[in-house]
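Dropping run_18.tsv in here (TSV, C-alpha atoms and all ligand atoms):
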chain	number	residue	atom	x	y	z
A	10	MET	CA	-31.60	-67.72	-2.62
A	11	SER	CA	-31.36	-67.42	-6.37
A	12	ASN	CA	-28.06	-66.87	-7.95
A	13	PRO	CA	-28.70	-63.40	-9.43
A	14	LEU	CA	-29.87	-62.12	-6.07
A	15	ARG	CA	-26.71	-63.37	-4.36
A	16	THR	CA	-24.59	-61.69	-7.00
A	17	ARG	CA	-26.42	-58.46	-6.51
A	18	LEU	CA	-26.06	-58.62	-2.75
A	19	THR	CA	-22.36	-59.34	-3.07
A	20	LEU	CA	-21.93	-56.41	-5.42
A	21	LEU	CA	-23.85	-54.17	-3.07
A	22	LEU	CA	-21.67	-55.18	-0.14
A	23	LEU	CA	-18.54	-54.63	-2.19
A	24	ALA	CA	-19.73	-51.19	-3.18
A	25	LEU	CA	-20.50	-50.37	0.42
A	26	PHE	CA	-17.06	-51.51	1.53
A	27	SER	CA	-15.19	-49.56	-1.06
A	28	THR	CA	-17.21	-46.47	-0.24
A	29	LEU	CA	-16.28	-46.84	3.41
A	30	ILE	CA	-12.63	-47.38	2.63
A	31	PHE	CA	-12.58	-44.45	0.23
A	32	ALA	CA	-14.29	-42.23	2.77
A	33	GLU	CA	-11.79	-43.14	5.43
A	34	LYS	CA	-8.83	-42.56	3.15
A	35	HIS	CA	-10.34	-39.33	2.03
A	36	ALA	CA	-10.88	-38.17	5.60
A	37	ALA	CA	-7.29	-38.99	6.42
A	38	ALA	CA	-6.11	-37.04	3.40
A	39	VAL	CA	-8.23	-34.02	4.35
A	40	LEU	CA	-6.89	-34.18	7.87
A	41	ALA	CA	-3.32	-34.36	6.61
A	42	VAL	CA	-3.86	-31.32	4.38
A	43	ARG	CA	-5.45	-29.41	7.21
A	44	GLN	CA	-2.57	-30.21	9.53
A	45	ALA	CA	-0.02	-29.17	6.92
A	46	ALA	CA	-1.83	-25.88	6.37
A	47	ALA	CA	-2.28	-25.13	10.06
A	48	PRO	CA	-1.17	-21.54	10.68
A	49	PRO	CA	2.49	-21.39	11.60
A	50	VAL	CA	1.89	-19.70	14.94
A	51	ASP	CA	5.29	-18.09	15.28
A	52	GLN	CA	5.17	-16.65	11.79
A	53	CYS	CA	1.69	-15.27	12.32
A	54	LEU	CA	2.71	-13.68	15.59
A	55	ASP	CA	5.71	-12.09	13.92
A	56	TYR	CA	3.53	-10.90	11.03
A	57	SER	CA	0.97	-9.49	13.46
A	58	ARG	CA	3.61	-7.66	15.48
A	59	THR	CA	5.32	-6.30	12.38
A	60	ALA	CA	2.05	-5.14	10.85
A	61	ASN	CA	0.89	-3.44	14.05
A	62	LEU	CA	4.19	-1.63	14.52
A	63	SER	CA	4.49	-0.66	10.87
A	64	VAL	CA	1.02	0.84	10.80
A	65	ILE	CA	1.82	2.97	13.83
A	66	GLY	CA	5.20	3.93	12.39
A	67	THR	CA	3.76	4.88	9.01
A	68	ASN	CA	1.07	7.22	10.28
A	69	SER	CA	2.73	10.38	11.57
A	70	THR	CA	-0.04	10.99	14.08
A	71	TYR	CA	0.15	7.51	15.58
A	72	ARG	CA	3.91	7.62	15.57
A	73	ALA	CA	4.13	10.98	17.32
A	74	THR	CA	1.60	9.81	19.91
A	75	TYR	CA	3.48	6.59	20.51
A	76	LEU	CA	6.80	8.40	20.90
A	77	GLN	CA	5.22	10.83	23.34
A	78	GLU	CA	3.75	8.06	25.48
A	79	SER	CA	6.66	5.66	25.39
A	80	ASN	CA	9.32	5.85	28.02
A	81	MET	CA	11.81	4.05	25.85
A	82	GLY	CA	14.30	6.19	24.01
A	83	THR	CA	12.96	7.84	20.88
A	84	LEU	CA	15.91	6.55	18.89
A	85	ALA	CA	15.24	2.95	19.91
A	86	ASN	CA	11.57	3.33	19.02
A	87	GLN	CA	12.35	4.94	15.67
A	88	LYS	CA	14.67	2.07	14.89
A	89	MET	CA	11.96	-0.43	15.80
A	90	PHE	CA	9.40	1.32	13.60
A	91	ASN	CA	11.78	1.62	10.69
A	92	ALA	CA	12.65	-2.07	10.91
A	93	ALA	CA	8.97	-3.05	10.97
A	94	GLN	CA	8.17	-0.75	8.05
A	95	ALA	CA	11.01	-2.20	6.02
A	96	LYS	CA	9.93	-5.74	6.78
A	97	LEU	CA	6.17	-5.50	6.29
A	98	PRO	CA	5.80	-5.17	2.48
A	99	LYS	CA	7.33	-8.59	1.94
A	100	LEU	CA	4.98	-10.17	4.50
A	101	THR	CA	1.95	-8.35	3.07
A	102	ALA	CA	2.72	-9.73	-0.38
A	103	ASP	CA	3.29	-13.30	0.83
A	104	ALA	CA	0.13	-15.04	-0.39
A	105	ALA	CA	0.73	-18.24	1.60
A	106	LEU	CA	1.34	-16.35	4.83
A	107	ASN	CA	-1.74	-14.22	4.32
A	108	GLN	CA	-3.81	-17.29	3.68
A	109	ALA	CA	-2.53	-19.05	6.78
A	110	CYS	CA	-2.78	-16.09	9.15
A	111	GLY	CA	-5.38	-13.93	7.46
A	112	ASN	CA	-4.40	-10.58	6.02
A	113	LEU	CA	-2.96	-9.10	9.20
A	114	THR	CA	-1.94	-5.94	7.36
A	115	THR	CA	-5.59	-5.13	6.79
A	116	VAL	CA	-6.37	-6.12	10.38
A	117	ALA	CA	-3.66	-3.80	11.69
A	118	LEU	CA	-4.85	-0.89	9.55
A	119	THR	CA	-8.47	-1.13	10.63
A	120	GLU	CA	-7.72	-1.96	14.24
A	121	ALA	CA	-5.17	0.83	14.65
A	122	GLU	CA	-7.77	3.29	13.44
A	123	LYS	CA	-10.37	1.81	15.77
A	124	ASN	CA	-7.88	1.92	18.63
A	125	PHE	CA	-6.98	5.51	17.91
A	126	SER	CA	-10.59	6.61	17.99
A	127	SER	CA	-10.83	5.14	21.48
A	128	LYS	CA	-7.56	6.82	22.51
A	129	ILE	CA	-5.39	3.74	22.22
A	130	VAL	CA	-2.13	3.64	20.31
A	131	GLY	CA	-0.28	0.32	20.46
A	132	PRO	CA	-0.03	-0.61	24.13
A	133	PHE	CA	-0.91	2.88	25.42
A	134	ARG	CA	-4.35	3.80	26.64
A	135	GLU	CA	-5.89	7.21	27.21
A	136	VAL	CA	-3.33	8.89	25.01
A	137	LYS	CA	-3.48	12.61	24.46
A	138	LEU	CA	-4.65	13.06	20.92
A	139	ASP	CA	-2.75	16.30	20.35
A	140	ALA	CA	0.76	14.91	20.17
A	141	GLN	CA	2.98	17.37	18.39
A	142	LYS	CA	4.95	16.25	15.45
A	143	ILE	CA	8.52	17.48	15.64
A	144	ASP	CA	8.38	20.83	13.95
A	145	ALA	CA	11.02	21.37	11.32
A	146	GLY	CA	9.24	23.99	9.26
A	147	PRO	CA	9.78	27.75	8.80
A	148	LEU	CA	8.77	28.35	12.42
A	149	VAL	CA	12.10	26.88	13.53
A	150	VAL	CA	13.97	29.43	11.41
A	151	VAL	CA	11.96	32.29	12.89
A	152	ILE	CA	12.56	31.09	16.44
A	153	CYS	CA	16.30	30.67	15.83
A	154	GLY	CA	16.36	34.14	14.29
A	155	LEU	CA	14.68	35.63	17.34
A	156	ILE	CA	17.15	33.89	19.64
A	157	VAL	CA	20.11	35.18	17.65
A	158	LEU	CA	18.60	38.65	17.65
A	159	GLY	CA	18.04	38.51	21.41
A	160	VAL	CA	21.57	37.35	22.08
A	161	SER	CA	23.02	39.99	19.74
A	162	LEU	CA	21.04	42.71	21.46
A	163	VAL	CA	22.31	41.60	24.84
A	164	TRP	CA	25.87	41.57	23.48
A	165	GLY	CA	25.35	44.90	21.76
A	166	ILE	CA	24.27	46.74	24.91
A	167	MET	CA	26.89	45.11	27.12
A	168	PRO	CA	29.37	47.75	28.23
A	201	LIG	C1	-1.96	-6.59	16.59
A	201	LIG	O1	-3.20	-5.93	16.57
A	201	LIG	C2	-4.31	-6.82	16.59
A	201	LIG	C3	-5.57	-5.96	16.44
A	201	LIG	O2	-5.68	-4.99	17.44
A	201	LIG	C4	-4.30	-7.61	17.88
A	201	LIG	O3	-5.39	-8.50	17.91
A	201	LIG	C5	-3.01	-8.38	17.98
A	201	LIG	O4	-2.91	-9.06	19.22
A	201	LIG	C6	-1.81	-7.46	17.82
A	201	LIG	N1	-0.60	-8.27	17.72
A	201	LIG	C7	0.38	-8.24	18.61
A	201	LIG	C8	1.54	-9.16	18.37
A	201	LIG	O5	0.35	-7.52	19.58
A	202	LIG	C1	-3.44	-7.62	2.33
A	202	LIG	O1	-4.07	-6.34	2.47
A	202	LIG	C2	-3.33	-5.28	1.90
A	202	LIG	C3	-4.06	-3.97	2.14
A	202	LIG	O2	-4.83	-3.97	3.29
A	202	LIG	C4	-3.16	-5.50	0.40
A	202	LIG	O3	-2.38	-4.44	-0.14
A	202	LIG	C5	-2.47	-6.84	0.17
A	202	LIG	O4	-2.41	-7.09	-1.21
A	202	LIG	C6	-3.22	-7.96	0.88
A	202	LIG	N1	-2.39	-9.16	0.75
A	202	LIG	C7	-2.82	-10.28	0.15
A	202	LIG	C8	-1.85	-11.39	0.03
A	202	LIG	O5	-3.98	-10.37	-0.26
A	203	LIG	C1	-5.15	-2.10	19.67
A	203	LIG	O1	-5.21	-2.02	21.06
A	203	LIG	C2	-4.98	-3.26	21.73
A	203	LIG	C3	-5.21	-3.03	23.21
A	203	LIG	O2	-4.34	-2.07	23.74
A	203	LIG	C4	-3.56	-3.72	21.41
A	203	LIG	O3	-3.31	-4.95	22.06
A	203	LIG	C5	-3.42	-3.91	19.92
A	203	LIG	O4	-2.11	-4.27	19.59
A	203	LIG	C6	-3.78	-2.60	19.20
A	203	LIG	N1	-3.79	-2.85	17.76
A	203	LIG	C7	-3.05	-2.15	16.89
A	203	LIG	C8	-3.17	-2.55	15.47
A	203	LIG	O5	-2.31	-1.23	17.23
A	204	LIG	C1	-3.42	8.62	10.44
A	204	LIG	O1	-4.53	8.20	11.19
A	204	LIG	C2	-5.52	9.19	11.37
A	204	LIG	C3	-6.56	8.67	12.34
A	204	LIG	O2	-6.99	7.38	12.00
A	204	LIG	C4	-6.10	9.55	10.01
A	204	LIG	O3	-7.08	10.56	10.17
A	204	LIG	C5	-5.00	10.05	9.10
A	204	LIG	O4	-5.51	10.27	7.82
A	204	LIG	C6	-3.87	9.04	9.04
A	204	LIG	N1	-2.74	9.64	8.35
A	204	LIG	C7	-2.09	9.04	7.36
A	204	LIG	C8	-0.93	9.76	6.80
A	204	LIG	O5	-2.44	7.92	6.96
Can you dump the structure from the file as structure tokens?
Ligand SMILES: *[C@@H]1O[C@H](CO)[C@@H](O)[C@H](O)[C@H]1NC(C)=O
Ligand SMILES: *[C@@H]1O[C@H](CO)[C@@H](O)[C@H](O)[C@H]1NC(C)=O
Ligand SMILES: *[C@@H]1O[C@H](CO)[C@@H](O)[C@H](O)[C@H]1NC(C)=O
Ligand SMILES: *[C@@H]1O[C@H](CO)[C@@H](O)[C@H](O)[C@H]1NC(C)=O
Amino acid sequence: MSNPLRTRLTLLLLALFSTLIFAEKHAAAVLAVRQAAAPPVDQCLDYSRTANLSVIGTNSTYRATYLQESNMGTLANQKMFNAAQAKLPKLTADAALNQACGNLTTVALTEAEKNFSSKIVGPFREVKLDAQKIDAGPLVVVICGLIVLGVSLVWGIMP
């Protein structure tokens, strides 16, 4: 074997080796990055729960339907919704969280709408879609007026 050929072969082998070593190191680095960026499961679950609740709490129709279906106290539910609504904006704006988990705010918005159109609100199926919002408008004044009038009349004609 001539000398130049041996040199070339040696160089080739060296190149091959360093490529292999680089590739292996690189793969390890990629793996490490991927492991570091693996979605923090607990945080994603919390984000998902908060987003789902907040979306229901924010939409008066969903909220009224949920309250009607739930057998928990309305006050406890209201508190839960309010807490979720207060907490969500920070999670929605957290770029790292949204990258790790996906934008679960968007997911909750679209899925809640999809759920509602198939009569599902949160965990409740086959909901009645005509849930009444608590009425606090002029009608309440009229009704109270009528009651007062009725009671006065009864009092008035009492002997
Ligand atoms: C939130 O809603 C999404 C979409 O319907 C669902 O996949 C997810 O399981 C819900 N999250 C929780 C914690 O229930
Ligand atoms: C997630 O989606 C919501 C609306 O669906 C948007 O307002 C918010 O900026 C998004 N968050 C990120 C970090 O992209
Ligand atoms: C949609 O309905 C499913 C099934 O009941 C429920 O698990 C999920 O949390 C609902 N999603 C939202 C965003 O309310
Ligand atoms: C609540 O959801 C219903 C059904 O998806 C939608 O028609 C309505 O516009 C929403 N209301 C608000 C205040 O976002």
May I have the residues within 12 Å of Tyr75 in chain A as a PyMOL selection string, using only C-alpha atoms and disregarding those fewer than 6 positions away in the same chain? chain A and resi 62+64-69+81-83+86-87+89-90+121+125+128-142
How about saving the chosen residues, C-alpha atoms kept, as an mmCIF file, keeping the file's coordinate frame?
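Now in again.cif:
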data_model
loop_
_atom_site.group_PDB
_atom_site.id
_atom_site.type_symbol
_atom_site.label_atom_id
_atom_site.label_comp_id
_atom_site.auth_asym_id
_atom_site.auth_seq_id
_atom_site.Cartn_x
_atom_site.Cartn_y
_atom_site.Cartn_z
ATOM 1 C CA LEU A 62 4.190 -1.630 14.520
ATOM 2 C CA VAL A 64 1.020 0.840 10.800
ATOM 3 C CA ILE A 65 1.820 2.970 13.830
ATOM 4 C CA GLY A 66 5.200 3.930 12.390
ATOM 5 C CA THR A 67 3.760 4.880 9.010
ATOM 6 C CA ASN A 68 1.070 7.220 10.280
ATOM 7 C CA SER A 69 2.730 10.380 11.570
ATOM 8 C CA MET A 81 11.810 4.050 25.850
ATOM 9 C CA GLY A 82 14.300 6.190 24.010
ATOM 10 C CA THR A 83 12.960 7.840 20.880
ATOM 11 C CA ASN A 86 11.570 3.330 19.020
ATOM 12 C CA GLN A 87 12.350 4.940 15.670
ATOM 13 C CA MET A 89 11.960 -0.430 15.800
ATOM 14 C CA PHE A 90 9.400 1.320 13.600
ATOM 15 C CA ALA A 121 -5.170 0.830 14.650
ATOM 16 C CA PHE A 125 -6.980 5.510 17.910
ATOM 17 C CA LYS A 128 -7.560 6.820 22.510
ATOM 18 C CA ILE A 129 -5.390 3.740 22.220
ATOM 19 C CA VAL A 130 -2.130 3.640 20.310
ATOM 20 C CA GLY A 131 -0.280 0.320 20.460
ATOM 21 C CA PRO A 132 -0.030 -0.610 24.130
ATOM 22 C CA PHE A 133 -0.910 2.880 25.420
ATOM 23 C CA ARG A 134 -4.350 3.800 26.640
ATOM 24 C CA GLU A 135 -5.890 7.210 27.210
ATOM 25 C CA VAL A 136 -3.330 8.890 25.010
ATOM 26 C CA LYS A 137 -3.480 12.610 24.460
ATOM 27 C CA LEU A 138 -4.650 13.060 20.920
ATOM 28 C CA ASP A 139 -2.750 16.300 20.350
ATOM 29 C CA ALA A 140 0.760 14.910 20.170
ATOM 30 C CA GLN A 141 2.980 17.370 18.390
ATOM 31 C CA LYS A 142 4.950 16.250 15.450
#
Atom C2 of ligand LIG 201 (chain A) and CA of Asn107 in chain A are how many Å apart?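 Atom-to-atom, atom C2 of ligand LIG 201 (chain A) to CA of Asn107 in chain A, that is 14.6 Å.
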If you count all atoms listed in the file, which residues fall within 7 Å of Ala60 in chain A, apart from same-chain ones fewer than 6 positions away, as a ChimeraX atom specification? /A:97,113-114,117
Using all atoms listed in the file, which residues of the polymer chains come no farther than 6 Å from ligand LIG 201 (chain A)? I'd like the answer as a VMD selection string. chain A and resid 54 57 to 58 61 117 120
Residue with smallest distance to ligand LIG 202 (chain A) - pool A:Glu122, A:Ile156, A:Ser127, A:Leu100, counting all atoms listed in the file: A:Leu100
